[in-house]
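> data-v3.cif (mmCIF, N, CA and C atoms) pasted underneath:
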```
data_work
#
loop_
_atom_site.group_PDB
_atom_site.id
_atom_site.type_symbol
_atom_site.label_atom_id
_atom_site.label_comp_id
_atom_site.auth_asym_id
_atom_site.auth_seq_id
_atom_site.Cartn_x
_atom_site.Cartn_y
_atom_site.Cartn_z
ATOM 1 N N MET W 141 -26.302 -5.028 14.314
ATOM 2 C CA MET W 141 -26.108 -4.718 12.908
ATOM 3 C C MET W 141 -25.162 -3.533 12.731
ATOM 4 N N THR W 142 -25.209 -2.595 13.659
ATOM 5 C CA THR W 142 -24.350 -1.424 13.540
ATOM 6 C C THR W 142 -22.881 -1.784 13.733
ATOM 7 N N ILE W 143 -22.604 -2.817 14.544
ATOM 8 C CA ILE W 143 -21.222 -3.246 14.726
ATOM 9 C C ILE W 143 -20.690 -3.833 13.422
ATOM 10 N N PHE W 144 -21.523 -4.623 12.744
ATOM 11 C CA PHE W 144 -21.089 -5.211 11.474
ATOM 12 C C PHE W 144 -20.871 -4.138 10.414
ATOM 13 N N SER W 145 -21.744 -3.142 10.347
ATOM 14 C CA SER W 145 -21.569 -2.090 9.342
ATOM 15 C C SER W 145 -20.337 -1.239 9.653
ATOM 16 N N ASN W 146 -20.073 -0.981 10.928
ATOM 17 C CA ASN W 146 -18.855 -0.260 11.291
ATOM 18 C C ASN W 146 -17.614 -1.067 10.941
ATOM 19 N N PHE W 147 -17.670 -2.366 11.209
ATOM 20 C CA PHE W 147 -16.548 -3.232 10.875
ATOM 21 C C PHE W 147 -16.333 -3.278 9.366
ATOM 22 N N LEU W 148 -17.410 -3.420 8.607
ATOM 23 C CA LEU W 148 -17.287 -3.495 7.157
ATOM 24 C C LEU W 148 -16.748 -2.190 6.572
ATOM 25 N N ARG W 149 -17.213 -1.064 7.079
ATOM 26 C CA ARG W 149 -16.724 0.233 6.612
ATOM 27 C C ARG W 149 -15.229 0.381 6.931
ATOM 28 N N SER W 150 -14.854 -0.004 8.139
ATOM 29 C CA SER W 150 -13.444 0.059 8.535
ATOM 30 C C SER W 150 -12.584 -0.853 7.671
ATOM 31 N N LEU W 151 -13.089 -2.043 7.397
ATOM 32 C CA LEU W 151 -12.345 -3.001 6.581
ATOM 33 C C LEU W 151 -12.147 -2.489 5.159
ATOM 34 N N VAL W 152 -13.189 -1.937 4.576
ATOM 35 C CA VAL W 152 -13.090 -1.432 3.200
ATOM 36 C C VAL W 152 -12.138 -0.238 3.133
ATOM 37 N N LEU W 153 -12.260 0.695 4.063
ATOM 38 C CA LEU W 153 -11.378 1.861 4.054
ATOM 39 C C LEU W 153 -9.923 1.467 4.289
ATOM 40 N N THR W 154 -9.692 0.547 5.213
ATOM 41 C CA THR W 154 -8.325 0.099 5.474
ATOM 42 C C THR W 154 -7.738 -0.579 4.251
ATOM 43 N N THR W 155 -8.518 -1.400 3.585
ATOM 44 C CA THR W 155 -8.035 -2.093 2.394
ATOM 45 C C THR W 155 -7.716 -1.099 1.278
ATOM 46 N N ILE W 156 -8.575 -0.130 1.078
ATOM 47 C CA ILE W 156 -8.348 0.861 0.021
ATOM 48 C C ILE W 156 -7.112 1.698 0.319
ATOM 49 N N PHE W 157 -6.990 2.185 1.546
ATOM 50 C CA PHE W 157 -5.835 3.012 1.884
ATOM 51 C C PHE W 157 -4.540 2.212 1.877
ATOM 52 N N SER W 158 -4.608 0.952 2.279
ATOM 53 C CA SER W 158 -3.411 0.107 2.243
ATOM 54 C C SER W 158 -3.009 -0.216 0.810
ATOM 55 N N PHE W 159 -3.965 -0.267 -0.091
ATOM 56 C CA PHE W 159 -3.661 -0.488 -1.498
ATOM 57 C C PHE W 159 -3.070 0.764 -2.137
ATOM 58 N N ILE W 160 -3.608 1.918 -1.805
ATOM 59 C CA ILE W 160 -3.196 3.164 -2.445
ATOM 60 C C ILE W 160 -1.847 3.666 -1.933
ATOM 61 N N ALA W 161 -1.502 3.364 -0.683
ATOM 62 C CA ALA W 161 -0.265 3.890 -0.093
ATOM 63 C C ALA W 161 0.992 3.505 -0.893
ATOM 64 N N PRO W 162 1.201 2.225 -1.263
ATOM 65 C CA PRO W 162 2.410 1.927 -2.052
ATOM 66 C C PRO W 162 2.381 2.541 -3.449
ATOM 67 N N VAL W 163 1.194 2.673 -4.017
ATOM 68 C CA VAL W 163 1.090 3.300 -5.342
ATOM 69 C C VAL W 163 1.552 4.747 -5.262
ATOM 70 N N PHE W 164 1.078 5.471 -4.245
ATOM 71 C CA PHE W 164 1.487 6.865 -4.089
ATOM 72 C C PHE W 164 2.957 6.980 -3.712
ATOM 73 N N LEU W 165 3.450 6.080 -2.876
ATOM 74 C CA LEU W 165 4.847 6.151 -2.451
ATOM 75 C C LEU W 165 5.794 5.908 -3.628
ATOM 76 N N VAL W 166 5.623 4.805 -4.319
ATOM 77 C CA VAL W 166 6.507 4.486 -5.440
ATOM 78 C C VAL W 166 6.262 5.445 -6.606
ATOM 79 N N GLY W 167 5.006 5.745 -6.868
ATOM 80 C CA GLY W 167 4.696 6.690 -7.938
ATOM 81 C C GLY W 167 5.242 8.074 -7.656
ATOM 82 N N GLY W 168 5.165 8.507 -6.408
ATOM 83 C CA GLY W 168 5.711 9.811 -6.035
ATOM 84 C C GLY W 168 7.218 9.856 -6.177
ATOM 85 N N ILE W 169 7.880 8.784 -5.758
ATOM 86 C CA ILE W 169 9.343 8.732 -5.897
ATOM 87 C C ILE W 169 9.737 8.782 -7.374
ATOM 88 N N LEU W 170 9.060 7.997 -8.202
ATOM 89 C CA LEU W 170 9.386 8.000 -9.636
ATOM 90 C C LEU W 170 9.023 9.329 -10.299
ATOM 91 N N LEU W 171 7.958 9.968 -9.836
ATOM 92 C CA LEU W 171 7.585 11.269 -10.383
ATOM 93 C C LEU W 171 8.626 12.322 -10.040
ATOM 94 N N VAL W 172 9.072 12.340 -8.788
ATOM 95 C CA VAL W 172 10.095 13.311 -8.387
ATOM 96 C C VAL W 172 11.391 13.064 -9.139
ATOM 97 N N LEU W 173 11.754 11.793 -9.276
ATOM 98 C CA LEU W 173 12.974 11.483 -10.022
ATOM 99 C C LEU W 173 12.861 11.900 -11.484
ATOM 100 N N SER W 174 11.700 11.699 -12.075
ATOM 101 C CA SER W 174 11.546 12.088 -13.483
ATOM 102 C C SER W 174 11.543 13.611 -13.633
ATOM 103 N N LEU W 175 11.012 14.323 -12.652
ATOM 104 C CA LEU W 175 11.049 15.788 -12.725
ATOM 105 C C LEU W 175 12.468 16.312 -12.555
ATOM 106 N N PHE W 176 13.243 15.679 -11.656
ATOM 107 C CA PHE W 176 14.637 16.083 -11.506
ATOM 108 C C PHE W 176 15.464 15.695 -12.727
ATOM 109 N N GLY W 177 14.984 14.779 -13.521
ATOM 110 C CA GLY W 177 15.677 14.376 -14.738
ATOM 111 C C GLY W 177 15.726 15.468 -15.781
ATOM 112 N N TYR W 178 14.866 16.470 -15.671
ATOM 113 C CA TYR W 178 14.875 17.578 -16.613
ATOM 114 C C TYR W 178 15.934 18.617 -16.292
ATOM 115 N N ILE W 179 16.557 18.517 -15.132
ATOM 116 C CA ILE W 179 17.629 19.443 -14.766
ATOM 117 C C ILE W 179 18.895 19.011 -15.509
ATOM 118 N N PRO W 180 19.500 19.931 -16.234
ATOM 119 C CA PRO W 180 20.704 19.564 -17.000
ATOM 120 C C PRO W 180 21.827 19.057 -16.078
ATOM 121 N N GLY W 181 22.435 17.993 -16.482
ATOM 122 C CA GLY W 181 23.534 17.414 -15.729
ATOM 123 C C GLY W 181 23.118 16.326 -14.760
ATOM 124 N N LEU W 182 21.826 16.169 -14.519
ATOM 125 C CA LEU W 182 21.353 15.152 -13.580
ATOM 126 C C LEU W 182 20.721 13.942 -14.257
ATOM 127 N N GLN W 183 20.688 13.922 -15.585
ATOM 128 C CA GLN W 183 20.022 12.835 -16.282
ATOM 129 C C GLN W 183 20.663 11.485 -15.976
ATOM 130 N N GLY W 184 21.972 11.426 -15.950
ATOM 131 C CA GLY W 184 22.653 10.165 -15.681
ATOM 132 C C GLY W 184 22.429 9.670 -14.264
ATOM 133 N N ILE W 185 22.476 10.580 -13.312
ATOM 134 C CA ILE W 185 22.275 10.210 -11.906
ATOM 135 C C ILE W 185 20.840 9.751 -11.683
ATOM 136 N N ILE W 186 19.898 10.460 -12.279
ATOM 137 C CA ILE W 186 18.484 10.121 -12.099
ATOM 138 C C ILE W 186 18.180 8.764 -12.727
ATOM 139 N N SER W 187 18.740 8.482 -13.889
ATOM 140 C CA SER W 187 18.479 7.172 -14.499
ATOM 141 C C SER W 187 19.128 6.063 -13.673
ATOM 142 N N ASP W 188 20.286 6.369 -13.042
ATOM 143 C CA ASP W 188 20.912 5.384 -12.156
ATOM 144 C C ASP W 188 20.082 5.135 -10.906
ATOM 145 N N LEU W 189 19.291 6.100 -10.485
ATOM 146 C CA LEU W 189 18.441 5.932 -9.312
ATOM 147 C C LEU W 189 17.102 5.275 -9.649
ATOM 148 N N SER W 190 16.554 5.593 -10.805
ATOM 149 C CA SER W 190 15.221 5.081 -11.130
ATOM 150 C C SER W 190 15.235 3.668 -11.707
ATOM 151 N N MET W 191 16.294 3.292 -12.379
ATOM 152 C CA MET W 191 16.333 1.954 -12.986
ATOM 153 C C MET W 191 16.281 0.818 -11.968
ATOM 154 N N PRO W 192 16.995 0.893 -10.829
ATOM 155 C CA PRO W 192 16.848 -0.195 -9.844
ATOM 156 C C PRO W 192 15.433 -0.317 -9.284
ATOM 157 N N ILE W 193 14.741 0.817 -9.152
ATOM 158 C CA ILE W 193 13.356 0.770 -8.674
ATOM 159 C C ILE W 193 12.485 0.049 -9.697
ATOM 160 N N LEU W 194 12.663 0.385 -10.962
ATOM 161 C CA LEU W 194 11.870 -0.261 -12.008
ATOM 162 C C LEU W 194 12.214 -1.739 -12.147
ATOM 163 N N HIS W 195 13.483 -2.098 -11.967
ATOM 164 C CA HIS W 195 13.873 -3.514 -12.017
ATOM 165 C C HIS W 195 13.301 -4.276 -10.820
ATOM 166 N N PHE W 196 13.279 -3.625 -9.658
ATOM 167 C CA PHE W 196 12.690 -4.248 -8.469
ATOM 168 C C PHE W 196 11.204 -4.526 -8.695
ATOM 169 N N LEU W 197 10.491 -3.560 -9.244
ATOM 170 C CA LEU W 197 9.072 -3.758 -9.532
ATOM 171 C C LEU W 197 8.865 -4.816 -10.601
ATOM 172 N N ALA W 198 9.752 -4.854 -11.592
ATOM 173 C CA ALA W 198 9.635 -5.853 -12.656
ATOM 174 C C ALA W 198 9.861 -7.265 -12.128
ATOM 175 N N THR W 199 10.632 -7.388 -11.051
ATOM 176 C CA THR W 199 10.851 -8.702 -10.445
ATOM 177 C C THR W 199 9.543 -9.296 -9.941
ATOM 178 N N PHE W 200 8.723 -8.466 -9.335
ATOM 179 C CA PHE W 200 7.448 -8.946 -8.806
ATOM 180 C C PHE W 200 6.359 -9.020 -9.873
ATOM 181 N N GLY W 201 6.553 -8.342 -10.986
ATOM 182 C CA GLY W 201 5.525 -8.313 -12.018
ATOM 183 C C GLY W 201 5.822 -9.148 -13.234
ATOM 184 N N SER W 202 6.696 -10.126 -13.126
ATOM 185 C CA SER W 202 7.061 -11.003 -14.248
ATOM 186 C C SER W 202 7.539 -10.207 -15.459
ATOM 187 N N GLY W 203 8.356 -9.207 -15.202
ATOM 188 C CA GLY W 203 8.928 -8.422 -16.281
ATOM 189 C C GLY W 203 8.281 -7.078 -16.503
ATOM 190 N N SER W 204 7.144 -6.814 -15.913
ATOM 191 C CA SER W 204 6.452 -5.541 -16.080
ATOM 192 C C SER W 204 6.455 -4.772 -14.764
ATOM 193 N N SER W 205 6.945 -3.550 -14.802
ATOM 194 C CA SER W 205 7.003 -2.736 -13.589
ATOM 195 C C SER W 205 5.609 -2.387 -13.076
ATOM 196 N N LEU W 206 4.701 -2.136 -13.985
ATOM 197 C CA LEU W 206 3.338 -1.792 -13.578
ATOM 198 C C LEU W 206 2.651 -2.970 -12.897
ATOM 199 N N ASN W 207 2.852 -4.172 -13.433
ATOM 200 C CA ASN W 207 2.288 -5.361 -12.785
ATOM 201 C C ASN W 207 2.927 -5.590 -11.420
ATOM 202 N N GLY W 208 4.215 -5.312 -11.307
ATOM 203 C CA GLY W 208 4.890 -5.451 -10.019
ATOM 204 C C GLY W 208 4.329 -4.496 -8.982
ATOM 205 N N LEU W 209 4.080 -3.259 -9.396
ATOM 206 C CA LEU W 209 3.481 -2.294 -8.476
ATOM 207 C C LEU W 209 2.071 -2.732 -8.076
ATOM 208 N N LEU W 210 1.329 -3.294 -9.012
ATOM 209 C CA LEU W 210 -0.016 -3.791 -8.720
ATOM 210 C C LEU W 210 0.039 -4.958 -7.731
ATOM 211 N N ILE W 211 0.973 -5.880 -7.915
ATOM 212 C CA ILE W 211 1.110 -7.028 -7.014
ATOM 213 C C ILE W 211 1.493 -6.568 -5.609
ATOM 214 N N ILE W 212 2.433 -5.656 -5.516
ATOM 215 C CA ILE W 212 2.846 -5.148 -4.203
ATOM 216 C C ILE W 212 1.689 -4.414 -3.540
ATOM 217 N N SER W 213 0.937 -3.637 -4.291
ATOM 218 C CA SER W 213 -0.199 -2.904 -3.726
ATOM 219 C C SER W 213 -1.306 -3.846 -3.271
ATOM 220 N N LEU W 214 -1.582 -4.891 -4.062
ATOM 221 C CA LEU W 214 -2.587 -5.871 -3.653
ATOM 222 C C LEU W 214 -2.166 -6.597 -2.377
ATOM 223 N N THR W 215 -0.888 -6.912 -2.269
ATOM 224 C CA THR W 215 -0.386 -7.569 -1.068
ATOM 225 C C THR W 215 -0.512 -6.658 0.140
ATOM 226 N N CYS W 216 -0.161 -5.395 -0.023
ATOM 227 C CA CYS W 216 -0.303 -4.447 1.090
ATOM 228 C C CYS W 216 -1.768 -4.262 1.476
ATOM 229 N N GLY W 217 -2.659 -4.239 0.505
ATOM 230 C CA GLY W 217 -4.082 -4.142 0.799
ATOM 231 C C GLY W 217 -4.588 -5.347 1.564
ATOM 232 N N PHE W 218 -4.127 -6.538 1.183
ATOM 233 C CA PHE W 218 -4.523 -7.759 1.874
ATOM 234 C C PHE W 218 -3.996 -7.774 3.301
ATOM 235 N N VAL W 219 -2.747 -7.377 3.493
ATOM 236 C CA VAL W 219 -2.166 -7.336 4.835
ATOM 237 C C VAL W 219 -2.878 -6.288 5.689
ATOM 238 N N GLY W 220 -3.220 -5.149 5.098
ATOM 239 C CA GLY W 220 -3.973 -4.136 5.836
ATOM 240 C C GLY W 220 -5.336 -4.644 6.263
ATOM 241 N N ALA W 221 -5.997 -5.403 5.399
ATOM 242 C CA ALA W 221 -7.297 -5.986 5.753
ATOM 243 C C ALA W 221 -7.143 -7.013 6.866
ATOM 244 N N LEU W 222 -6.103 -7.835 6.790
ATOM 245 C CA LEU W 222 -5.864 -8.811 7.860
ATOM 246 C C LEU W 222 -5.598 -8.110 9.188
ATOM 247 N N PHE W 223 -4.833 -7.040 9.148
ATOM 248 C CA PHE W 223 -4.558 -6.297 10.371
ATOM 249 C C PHE W 223 -5.831 -5.692 10.941
ATOM 250 N N ASP W 224 -6.703 -5.168 10.087
ATOM 251 C CA ASP W 224 -7.951 -4.592 10.559
ATOM 252 C C ASP W 224 -8.861 -5.650 11.171
ATOM 253 N N VAL W 225 -8.917 -6.825 10.569
ATOM 254 C CA VAL W 225 -9.709 -7.926 11.135
ATOM 255 C C VAL W 225 -9.156 -8.314 12.499
ATOM 256 N N TYR W 226 -7.830 -8.398 12.597
ATOM 257 C CA TYR W 226 -7.211 -8.737 13.881
ATOM 258 C C TYR W 226 -7.491 -7.666 14.932
ATOM 259 N N ALA W 227 -7.394 -6.390 14.556
ATOM 260 C CA ALA W 227 -7.664 -5.311 15.506
ATOM 261 C C ALA W 227 -9.119 -5.339 15.963
ATOM 262 N N HIS W 228 -10.032 -5.632 15.048
ATOM 263 C CA HIS W 228 -11.445 -5.721 15.416
ATOM 264 C C HIS W 228 -11.675 -6.901 16.363
ATOM 265 N N TYR W 229 -11.041 -8.024 16.072
ATOM 266 C CA TYR W 229 -11.159 -9.206 16.928
ATOM 267 C C TYR W 229 -10.629 -8.906 18.322
ATOM 268 N N ARG W 230 -9.455 -8.274 18.403
ATOM 269 C CA ARG W 230 -8.873 -7.945 19.709
ATOM 270 C C ARG W 230 -9.763 -6.964 20.462
ATOM 271 N N HIS W 231 -10.351 -6.024 19.744
ATOM 272 C CA HIS W 231 -11.252 -5.063 20.389
ATOM 273 C C HIS W 231 -12.469 -5.783 20.972
ATOM 274 N N GLN W 232 -13.009 -6.749 20.239
ATOM 275 C CA GLN W 232 -14.157 -7.501 20.730
ATOM 276 C C GLN W 232 -13.789 -8.329 21.957
ATOM 277 N N ILE W 233 -12.627 -8.962 21.936
ATOM 278 C CA ILE W 233 -12.186 -9.783 23.059
ATOM 279 C C ILE W 233 -11.946 -8.914 24.289
ATOM 280 N N LEU W 234 -11.257 -7.796 24.123
ATOM 281 C CA LEU W 234 -10.951 -6.941 25.269
ATOM 282 C C LEU W 234 -12.210 -6.271 25.813
ATOM 283 N N ARG W 235 -13.176 -5.997 24.935
ATOM 284 C CA ARG W 235 -14.405 -5.371 25.398
ATOM 285 C C ARG W 235 -15.251 -6.343 26.210
ATOM 286 N N THR W 236 -15.253 -7.625 25.851
ATOM 287 C CA THR W 236 -16.056 -8.587 26.580
ATOM 288 C C THR W 236 -15.374 -9.017 27.883
ATOM 289 N N ASP W 237 -14.039 -8.906 27.970
ATOM 290 C CA ASP W 237 -13.331 -9.276 29.180
ATOM 291 C C ASP W 237 -13.534 -8.272 30.307
ATOM 292 N N SER W 238 -13.729 -7.013 29.971
ATOM 293 C CA SER W 238 -13.841 -6.006 31.026
ATOM 294 C C SER W 238 -15.262 -5.690 31.396
#
```
In structure tokens, write the structure found in this file.

Amino acid sequence: MTIFSNFLRSLVLTTIFSFIAPVFLVGGILLVLSLFGYIPGLQGIISDLSMPILHFLATFGSGSSLNGLLIISLTCGFVGALFDVYAHYRHQILRTDS
């Protein structure tokens, strides 16, 4: 039972961290760009840098950047969970072989 609870805890934490990582990465980039946008003379450059990011996110979100970020984060969370399941499986196989 302890192996299952350890696996479940690992799976949940991996999924949560894999979901949050793209949110923090893209959100941090957009936050830094928006803060630099307050510097006089950089507004045009900052909008030229942030608009492609928002258009990229809107591509995945059917026109909404927030939905695009949510879709990308859900995908990363799912891939992180799959990787954790695979790592647990490999650990079980290698442990029984030796």
> Which one is closest to Phe157 of chain W: W:Asp224, W:Gly217, W:Ala198, W:Arg230? Count all atoms listed in the file.
W:Gly217
> Can you tell me which residues surround segment 158-167 of chain W at a distance of at most 6 Å, considering all atoms listed in the file, apart from same-chain residues fewer than 2 positions away, and format the answer as a VMD selection string?
chain W and resid 153 to 156 169 to 172 213 to 214 216 to 217 220
> One decimal, Å: what's the distance from atom C of Ser187 of chain W over to atom C of Gly208 of chain W, could you say?
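Between atom C of Ser187 of chain W and atom C of Gly208 of chain W the gap is 18.8 Å.
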> For a test of reading the model, state the distance in Å between atom C of Gln183 of chain W and atom N of His195 of chain W, rounded to one decimal.
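Separation of atom C of Gln183 of chain W and atom N of His195 of chain W: 15.9 Å.
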> Please, what distance in Å, to one decimal, runs between atom CA of Val152 of chain W and atom CA of Val219 of chain W?
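So the answer is 12.5 Å.
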> When distances are computed from only C-alpha atoms, which of W:Met141, W:Ala227, W:Leu173, W:Leu222 shows the smallest separation from Ile185 of chain W?
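Smallest distance to Ile185 of chain W is found for W:Leu173.
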> Rank W:Tyr226, W:Ala221, W:Gly177, W:Gln232 by their smallest atom-to-atom distance to Arg149 of chain W, using only C-alpha atoms, and report the top residue only.
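For Arg149 of chain W, the nearest of the candidates is W:Ala221.
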